[in-house]
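K.L.:
To be precise about what I am sending: the file is called final23.cif and holds mmCIF, N, CA and C atoms.
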data_coords
#
loop_
_atom_site.label_atom_id
_atom_site.label_comp_id
_atom_site.auth_asym_id
_atom_site.auth_seq_id
_atom_site.Cartn_x
_atom_site.Cartn_y
_atom_site.Cartn_z
N MET V 17 132.10 94.07 95.99
CA MET V 17 132.60 92.86 96.63
C MET V 17 134.12 92.86 96.53
N ARG V 18 134.78 92.66 97.63
CA ARG V 18 136.23 92.62 97.66
C ARG V 18 136.66 91.18 97.85
N LEU V 19 137.47 90.68 96.94
CA LEU V 19 137.98 89.33 97.04
C LEU V 19 139.49 89.42 97.00
N SER V 20 140.13 88.90 98.01
CA SER V 20 141.57 89.11 98.12
C SER V 20 142.40 87.91 97.69
N SER V 21 141.78 86.80 97.42
CA SER V 21 142.59 85.63 97.14
C SER V 21 142.17 84.95 95.86
N MET V 22 143.13 84.70 94.98
CA MET V 22 142.84 83.97 93.76
C MET V 22 142.40 82.56 94.08
N ARG V 23 142.78 82.04 95.23
CA ARG V 23 142.41 80.68 95.64
C ARG V 23 140.89 80.51 95.60
N THR V 24 140.15 81.55 95.97
CA THR V 24 138.70 81.51 95.94
C THR V 24 138.22 81.16 94.53
N PHE V 25 138.95 81.62 93.52
CA PHE V 25 138.54 81.40 92.15
C PHE V 25 139.13 80.15 91.55
N ILE V 26 140.12 79.60 92.19
CA ILE V 26 140.74 78.40 91.65
C ILE V 26 140.03 77.15 92.15
N ASP V 27 139.68 77.09 93.42
CA ASP V 27 139.08 75.90 93.98
C ASP V 27 137.89 76.24 94.88
N PRO V 28 136.80 76.74 94.30
CA PRO V 28 135.66 77.17 95.10
C PRO V 28 134.97 76.04 95.83
N LEU V 29 135.10 74.80 95.38
CA LEU V 29 134.43 73.70 96.07
C LEU V 29 135.03 73.46 97.45
N GLU V 30 136.27 73.91 97.68
CA GLU V 30 136.88 73.79 99.00
C GLU V 30 136.27 74.77 99.99
N CYS V 31 135.54 75.76 99.49
CA CYS V 31 135.01 76.82 100.35
C CYS V 31 133.68 76.45 100.99
N GLN V 32 133.19 75.24 100.78
CA GLN V 32 131.93 74.84 101.39
C GLN V 32 132.12 74.70 102.89
N ALA V 33 131.01 74.80 103.61
CA ALA V 33 131.06 74.73 105.07
C ALA V 33 131.62 73.39 105.53
N ASP V 34 132.46 73.43 106.55
CA ASP V 34 133.03 72.21 107.12
C ASP V 34 131.92 71.36 107.72
N GLY V 35 132.06 70.06 107.57
CA GLY V 35 131.13 69.14 108.20
C GLY V 35 129.83 68.94 107.45
N VAL V 36 129.62 69.62 106.34
CA VAL V 36 128.38 69.46 105.59
C VAL V 36 128.57 68.36 104.57
N ASP V 37 127.74 67.36 104.61
CA ASP V 37 127.81 66.28 103.64
C ASP V 37 127.05 66.69 102.39
N VAL V 38 127.79 67.15 101.37
CA VAL V 38 127.14 67.67 100.18
C VAL V 38 126.56 66.57 99.31
N GLN V 39 126.85 65.34 99.59
CA GLN V 39 126.30 64.25 98.79
C GLN V 39 124.96 63.75 99.32
N THR V 40 124.45 64.33 100.40
CA THR V 40 123.21 63.84 100.97
C THR V 40 121.99 64.24 100.18
N LYS V 41 122.07 65.28 99.39
CA LYS V 41 120.94 65.72 98.58
C LYS V 41 121.29 65.56 97.11
N THR V 42 120.36 64.99 96.37
CA THR V 42 120.60 64.76 94.95
C THR V 42 120.89 66.06 94.22
N GLY V 43 120.14 67.11 94.53
CA GLY V 43 120.35 68.40 93.88
C GLY V 43 121.75 68.94 94.12
N ARG V 44 122.21 68.80 95.33
CA ARG V 44 123.55 69.29 95.66
C ARG V 44 124.62 68.52 94.93
N SER V 45 124.53 67.21 94.88
CA SER V 45 125.56 66.44 94.19
C SER V 45 125.52 66.73 92.69
N ARG V 46 124.32 66.96 92.17
CA ARG V 46 124.19 67.35 90.76
C ARG V 46 124.84 68.71 90.54
N HIS V 47 124.61 69.63 91.46
CA HIS V 47 125.23 70.95 91.35
C HIS V 47 126.75 70.85 91.44
N ASN V 48 127.26 69.93 92.25
CA ASN V 48 128.71 69.74 92.32
C ASN V 48 129.26 69.35 90.95
N ALA V 49 128.58 68.45 90.28
CA ALA V 49 129.02 68.02 88.95
C ALA V 49 128.94 69.17 87.95
N ILE V 50 127.90 69.95 88.04
CA ILE V 50 127.73 71.10 87.13
C ILE V 50 128.86 72.11 87.36
N ILE V 51 129.14 72.40 88.62
CA ILE V 51 130.20 73.35 88.94
C ILE V 51 131.56 72.82 88.47
N ALA V 52 131.79 71.55 88.63
CA ALA V 52 133.05 70.96 88.16
C ALA V 52 133.19 71.15 86.65
N ARG V 53 132.12 70.90 85.89
CA ARG V 53 132.18 71.09 84.43
C ARG V 53 132.34 72.57 84.09
N PHE V 54 131.65 73.42 84.82
CA PHE V 54 131.75 74.87 84.60
C PHE V 54 133.19 75.36 84.83
N LEU V 55 133.79 74.93 85.92
CA LEU V 55 135.16 75.36 86.22
C LEU V 55 136.16 74.80 85.22
N GLU V 56 135.94 73.58 84.78
CA GLU V 56 136.82 72.99 83.77
C GLU V 56 136.73 73.78 82.46
N PHE V 57 135.51 74.12 82.06
CA PHE V 57 135.31 74.90 80.83
C PHE V 57 135.92 76.29 80.97
N SER V 58 135.70 76.94 82.11
CA SER V 58 136.23 78.30 82.29
C SER V 58 137.75 78.29 82.37
N THR V 59 138.34 77.25 82.91
CA THR V 59 139.79 77.13 82.97
C THR V 59 140.38 76.95 81.57
N ALA V 60 139.64 76.27 80.71
CA ALA V 60 140.11 76.06 79.34
C ALA V 60 140.02 77.33 78.49
N HIS V 61 139.26 78.32 78.95
CA HIS V 61 139.07 79.59 78.22
C HIS V 61 139.31 80.77 79.16
N PRO V 62 140.50 80.92 79.70
CA PRO V 62 140.72 81.93 80.75
C PRO V 62 140.80 83.37 80.27
N ASN V 63 141.11 83.59 79.01
CA ASN V 63 141.44 84.94 78.56
C ASN V 63 140.40 85.59 77.66
N ARG V 64 139.19 85.12 77.75
CA ARG V 64 138.17 85.77 76.93
C ARG V 64 136.83 85.72 77.65
N PRO V 65 136.03 86.74 77.40
CA PRO V 65 134.70 86.73 78.02
C PRO V 65 133.85 85.63 77.38
N LEU V 66 133.08 84.96 78.19
CA LEU V 66 132.21 83.89 77.71
C LEU V 66 130.77 84.30 77.94
N CYS V 67 129.91 83.99 76.99
CA CYS V 67 128.49 84.29 77.20
C CYS V 67 127.81 83.06 77.80
N LEU V 68 126.74 83.33 78.51
CA LEU V 68 126.06 82.27 79.24
C LEU V 68 125.56 81.16 78.32
N THR V 69 125.04 81.50 77.15
CA THR V 69 124.53 80.46 76.25
C THR V 69 125.66 79.55 75.76
N GLU V 70 126.82 80.12 75.52
CA GLU V 70 127.98 79.33 75.09
C GLU V 70 128.41 78.36 76.19
N ILE V 71 128.46 78.85 77.42
CA ILE V 71 128.85 78.01 78.55
C ILE V 71 127.85 76.88 78.73
N CYS V 72 126.57 77.22 78.75
CA CYS V 72 125.52 76.22 78.97
C CYS V 72 125.53 75.15 77.89
N ALA V 73 125.73 75.54 76.66
CA ALA V 73 125.79 74.56 75.57
C ALA V 73 127.00 73.64 75.74
N ALA V 74 128.12 74.21 76.13
CA ALA V 74 129.35 73.42 76.26
C ALA V 74 129.29 72.42 77.41
N ILE V 75 128.64 72.81 78.51
CA ILE V 75 128.60 71.91 79.66
C ILE V 75 127.25 71.19 79.78
N ARG V 76 126.40 71.37 78.79
CA ARG V 76 125.11 70.65 78.69
C ARG V 76 124.22 70.84 79.92
N VAL V 77 123.89 72.11 80.18
CA VAL V 77 123.02 72.42 81.31
C VAL V 77 122.19 73.66 80.98
N ALA V 78 121.01 73.74 81.54
CA ALA V 78 120.16 74.91 81.34
C ALA V 78 120.74 76.11 82.08
N ASP V 79 120.53 77.31 81.54
CA ASP V 79 121.12 78.49 82.18
C ASP V 79 120.59 78.70 83.60
N ARG V 80 119.34 78.43 83.84
CA ARG V 80 118.80 78.59 85.20
C ARG V 80 119.49 77.64 86.18
N THR V 81 119.73 76.42 85.74
CA THR V 81 120.40 75.44 86.60
C THR V 81 121.84 75.88 86.89
N LEU V 82 122.53 76.38 85.88
CA LEU V 82 123.89 76.86 86.09
C LEU V 82 123.91 78.04 87.05
N ARG V 83 122.98 78.95 86.89
CA ARG V 83 122.89 80.10 87.80
C ARG V 83 122.67 79.64 89.24
N GLU V 84 121.75 78.69 89.42
CA GLU V 84 121.46 78.18 90.76
C GLU V 84 122.68 77.49 91.37
N ALA V 85 123.36 76.69 90.58
CA ALA V 85 124.55 75.98 91.07
C ALA V 85 125.65 76.97 91.45
N CYS V 86 125.84 77.99 90.63
CA CYS V 86 126.86 78.99 90.93
C CYS V 86 126.51 79.79 92.18
N GLU V 87 125.26 80.17 92.30
CA GLU V 87 124.83 80.90 93.51
C GLU V 87 125.07 80.05 94.75
N GLU V 88 124.74 78.77 94.66
CA GLU V 88 124.90 77.86 95.79
C GLU V 88 126.37 77.66 96.17
N HIS V 89 127.21 77.43 95.18
CA HIS V 89 128.61 77.08 95.44
C HIS V 89 129.56 78.26 95.46
N LEU V 90 129.28 79.28 94.67
CA LEU V 90 130.22 80.39 94.53
C LEU V 90 129.72 81.69 95.16
N GLY V 91 128.42 81.73 95.44
CA GLY V 91 127.84 82.93 96.03
C GLY V 91 127.62 84.05 95.04
N MET V 92 127.66 83.73 93.75
CA MET V 92 127.47 84.72 92.69
C MET V 92 127.12 83.98 91.40
N GLY V 93 126.65 84.72 90.43
CA GLY V 93 126.31 84.14 89.14
C GLY V 93 127.55 83.76 88.34
N PRO V 94 127.37 82.98 87.29
CA PRO V 94 128.52 82.51 86.50
C PRO V 94 129.30 83.62 85.79
N ILE V 95 128.61 84.59 85.24
CA ILE V 95 129.31 85.66 84.52
C ILE V 95 130.10 86.52 85.49
N ARG V 96 129.53 86.82 86.64
CA ARG V 96 130.25 87.59 87.67
C ARG V 96 131.50 86.84 88.11
N TYR V 97 131.36 85.54 88.34
CA TYR V 97 132.50 84.72 88.74
C TYR V 97 133.61 84.80 87.68
N LEU V 98 133.23 84.62 86.42
CA LEU V 98 134.23 84.63 85.34
C LEU V 98 134.92 85.98 85.21
N THR V 99 134.15 87.06 85.38
CA THR V 99 134.73 88.40 85.31
C THR V 99 135.73 88.60 86.44
N LEU V 100 135.35 88.23 87.65
CA LEU V 100 136.26 88.37 88.79
C LEU V 100 137.50 87.49 88.63
N ARG V 101 137.31 86.32 88.09
CA ARG V 101 138.44 85.42 87.86
C ARG V 101 139.43 86.04 86.87
N ARG V 102 138.89 86.62 85.78
CA ARG V 102 139.77 87.28 84.80
C ARG V 102 140.45 88.50 85.41
N MET V 103 139.76 89.22 86.29
CA MET V 103 140.37 90.36 86.97
C MET V 103 141.59 89.90 87.79
N HIS V 104 141.43 88.81 88.49
CA HIS V 104 142.55 88.28 89.27
C HIS V 104 143.68 87.79 88.37
N LEU V 105 143.34 87.24 87.22
CA LEU V 105 144.38 86.83 86.27
C LEU V 105 145.15 88.04 85.74
N VAL V 106 144.42 89.14 85.47
CA VAL V 106 145.07 90.37 85.03
C VAL V 106 146.00 90.88 86.11
N ARG V 107 145.53 90.90 87.35
CA ARG V 107 146.37 91.38 88.46
C ARG V 107 147.64 90.54 88.56
N ASP V 108 147.49 89.23 88.50
CA ASP V 108 148.67 88.36 88.56
C ASP V 108 149.63 88.66 87.41
N ALA V 109 149.08 88.86 86.21
CA ALA V 109 149.92 89.16 85.05
C ALA V 109 150.64 90.50 85.22
N LEU V 110 149.94 91.49 85.75
CA LEU V 110 150.57 92.80 85.96
C LEU V 110 151.67 92.71 87.01
N LEU V 111 151.45 91.94 88.04
CA LEU V 111 152.46 91.81 89.09
C LEU V 111 153.70 91.04 88.62
N ARG V 112 153.53 90.17 87.63
CA ARG V 112 154.65 89.39 87.10
C ARG V 112 155.32 90.06 85.91
N ALA V 113 154.70 91.10 85.39
CA ALA V 113 155.17 91.73 84.15
C ALA V 113 156.42 92.57 84.38
N GLU V 114 157.13 92.78 83.30
CA GLU V 114 158.25 93.71 83.30
C GLU V 114 157.68 95.07 82.89
N ALA V 115 157.65 95.99 83.82
CA ALA V 115 156.96 97.27 83.62
C ALA V 115 157.48 98.06 82.42
N SER V 116 158.74 97.89 82.08
CA SER V 116 159.32 98.67 80.99
C SER V 116 158.80 98.28 79.61
N ASN V 117 158.34 97.06 79.43
CA ASN V 117 157.82 96.67 78.12
C ASN V 117 156.45 96.01 78.19
N THR V 118 155.64 96.41 79.17
CA THR V 118 154.27 95.92 79.29
C THR V 118 153.35 97.10 79.52
N THR V 119 152.18 97.05 78.91
CA THR V 119 151.18 98.09 79.17
C THR V 119 149.94 97.47 79.79
N VAL V 120 149.26 98.26 80.58
CA VAL V 120 148.00 97.81 81.18
C VAL V 120 147.01 97.49 80.07
N THR V 121 146.97 98.31 79.05
CA THR V 121 146.05 98.09 77.93
C THR V 121 146.26 96.71 77.32
N ARG V 122 147.50 96.36 77.04
CA ARG V 122 147.80 95.07 76.42
C ARG V 122 147.38 93.92 77.33
N VAL V 123 147.71 94.00 78.60
CA VAL V 123 147.36 92.91 79.54
C VAL V 123 145.85 92.79 79.66
N ALA V 124 145.16 93.91 79.81
CA ALA V 124 143.70 93.88 79.94
C ALA V 124 143.06 93.29 78.68
N MET V 125 143.50 93.73 77.53
CA MET V 125 142.92 93.23 76.27
C MET V 125 143.27 91.75 76.06
N ASP V 126 144.45 91.35 76.47
CA ASP V 126 144.83 89.93 76.36
C ASP V 126 143.92 89.04 77.21
N HIS V 127 143.30 89.61 78.22
CA HIS V 127 142.40 88.85 79.09
C HIS V 127 140.93 89.12 78.79
N GLY V 128 140.67 89.70 77.63
CA GLY V 128 139.29 89.85 77.15
C GLY V 128 138.56 91.09 77.62
N PHE V 129 139.25 92.06 78.17
CA PHE V 129 138.61 93.31 78.59
C PHE V 129 138.81 94.34 77.49
N CYS V 130 137.70 94.75 76.88
CA CYS V 130 137.78 95.70 75.77
C CYS V 130 137.36 97.11 76.19
N GLU V 131 136.50 97.21 77.18
CA GLU V 131 136.06 98.51 77.68
C GLU V 131 137.00 98.91 78.81
N LEU V 132 138.08 99.58 78.45
CA LEU V 132 139.18 99.82 79.38
C LEU V 132 138.81 100.76 80.52
N GLY V 133 137.94 101.73 80.28
CA GLY V 133 137.50 102.61 81.35
C GLY V 133 136.73 101.85 82.41
N ARG V 134 135.81 101.03 81.98
CA ARG V 134 135.03 100.20 82.90
C ARG V 134 135.93 99.20 83.62
N PHE V 135 136.85 98.61 82.87
CA PHE V 135 137.82 97.68 83.46
C PHE V 135 138.57 98.35 84.60
N SER V 136 139.07 99.55 84.36
CA SER V 136 139.87 100.26 85.35
C SER V 136 139.07 100.57 86.62
N VAL V 137 137.81 100.97 86.45
CA VAL V 137 136.96 101.27 87.60
C VAL V 137 136.72 100.02 88.45
N VAL V 138 136.41 98.91 87.79
CA VAL V 138 136.17 97.66 88.52
C VAL V 138 137.45 97.18 89.18
N TYR V 139 138.56 97.28 88.47
CA TYR V 139 139.86 96.85 89.01
C TYR V 139 140.17 97.63 90.29
N ARG V 140 140.00 98.93 90.22
CA ARG V 140 140.31 99.77 91.40
C ARG V 140 139.39 99.43 92.57
N SER V 141 138.12 99.16 92.29
CA SER V 141 137.20 98.82 93.39
C SER V 141 137.55 97.47 94.01
N LEU V 142 138.11 96.57 93.24
CA LEU V 142 138.50 95.26 93.77
C LEU V 142 139.81 95.30 94.54
N PHE V 143 140.79 96.01 94.00
CA PHE V 143 142.15 95.91 94.53
C PHE V 143 142.67 97.19 95.21
N CYS V 144 141.83 98.22 95.28
CA CYS V 144 142.19 99.49 95.95
C CYS V 144 143.43 100.15 95.36
N GLU V 145 143.66 99.92 94.10
CA GLU V 145 144.72 100.61 93.36
C GLU V 145 144.40 100.49 91.89
N THR V 146 144.96 101.39 91.10
CA THR V 146 144.73 101.32 89.66
C THR V 146 145.59 100.23 89.05
N PRO V 147 145.23 99.75 87.88
CA PRO V 147 146.08 98.76 87.22
C PRO V 147 147.50 99.30 86.98
N SER V 148 147.63 100.58 86.70
CA SER V 148 148.95 101.17 86.49
C SER V 148 149.79 101.13 87.76
N GLU V 149 149.15 101.34 88.89
CA GLU V 149 149.88 101.26 90.17
C GLU V 149 150.37 99.83 90.41
N THR V 150 149.53 98.86 90.08
CA THR V 150 149.94 97.46 90.20
C THR V 150 151.14 97.17 89.32
N LEU V 151 151.09 97.65 88.09
CA LEU V 151 152.18 97.41 87.15
C LEU V 151 153.48 98.05 87.65
N ARG V 152 153.38 99.23 88.22
CA ARG V 152 154.58 99.90 88.74
C ARG V 152 155.21 99.11 89.90
N ARG V 153 154.39 98.34 90.62
CA ARG V 153 154.91 97.53 91.72
C ARG V 153 155.44 96.17 91.25
N ALA V 154 155.33 95.91 89.96
CA ALA V 154 155.72 94.60 89.43
C ALA V 154 157.18 94.33 89.67
N LEU V 155 157.51 93.05 89.51
CA LEU V 155 158.91 92.59 89.69
C LEU V 155 159.81 93.56 89.03
#
Using the file provided, produce a representation of the structure as structure tokens.
P.N.:
Amino acid sequence: MRLSSMRTFIDPLECQADGVDVQTKTGRSRHNAIIARFLEFSTAHPNRPLCLTEICAAIRVADRTLREACEEHLGMGPIRYLTLRRMHLVRDALLRAEASNTTVTRVAMDHGFCELGRFSVVYRSLFCETPSETLRRAL
């Protein structure tokens, strides 16, 4: 999956179809509230991987319900969303970094990625360049 805009990860509720009244169904309005709590929690913990049980306990929802809400609103599961969000945060950090005193390893680890080989493969598939190439293009 290629995602080119961090905006998708910042305000996914804006991505709903135009003209659809999401408040007409009780389940949908409930899912809106769940997604709002999920996004608030994920924003408060941007630099570390979160496990599903931790998220569900914090936002007081069953994991199946969270998965359904995320699929409905984000088009993917909660863990996939969080991983992609952190990938975009890493990319932004690399683009803003000073290449002479920043390493890809440090930025990736600061954002909760510990398996650097896997991180690099996923990063390249998302952004069509290696993290090192991104860093070289930095300010």
K.L.:
Have a look at V:Met125, V:Glu149, V:Asp108, V:Ile50 and name the one nearest to Ile75 of chain V; count all atoms listed in the file.
P.N.:
V:Ile50
K.L.:
Which residue out of V:Arg112, V:Leu151, V:Leu82, V:Glu87 has the minimum interatomic distance to Thr69 of chain V when only C-alpha atoms are used?
P.N.:
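Closest candidate: V:Leu82.
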K.L.:
Give the helix (DSSP H, G or I) residues of segment 43-131 of chain V, as assigned by DSSP on the backbone, as a PyMOL selection string.
P.N.:
chain V and resi 43-60+68-75+79-90+94-112+115-117+120-126
K.L.:
Evaluate the PyMOL selection byres ((chain V and resi 153) around 8) on the structure here and hand back the selected residues as a count of residues only.
P.N.:
13
K.L.:
When you look at Arg96 of chain V with a cut-off of 12 Å (counting only C-alpha atoms), what residues show up, excluding the ones that are within fewer than 5 positions of it in the same chain? I need them as a VMD selection string.
P.N.:
chain V and resid 17 25 65 to 68 83 86 to 87 90 to 91 101 to 103 138
K.L.:
My list of candidates is V:Ser58, V:Ser116, V:Arg44, V:Glu131. Which is closest to Tyr97 of chain V when distances are computed with only C-alpha atoms?
P.N.:
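Looking only at the distances to Tyr97 of chain V, the closest residue turns out to be V:Ser58.
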K.L.:
Rounded to one decimal place, report the atom N of Glu88 of chain V-atom N of Leu55 of chain V distance in Å.
P.N.:
13.2 Å
K.L.:
What is the distance between atom CA of Ile71 of chain V and atom N of Phe57 of chain V, in Å to one decimal?
P.N.:
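If I compute the distance from atom CA of Ile71 of chain V to atom N of Phe57 of chain V, I get 8.5 Å.
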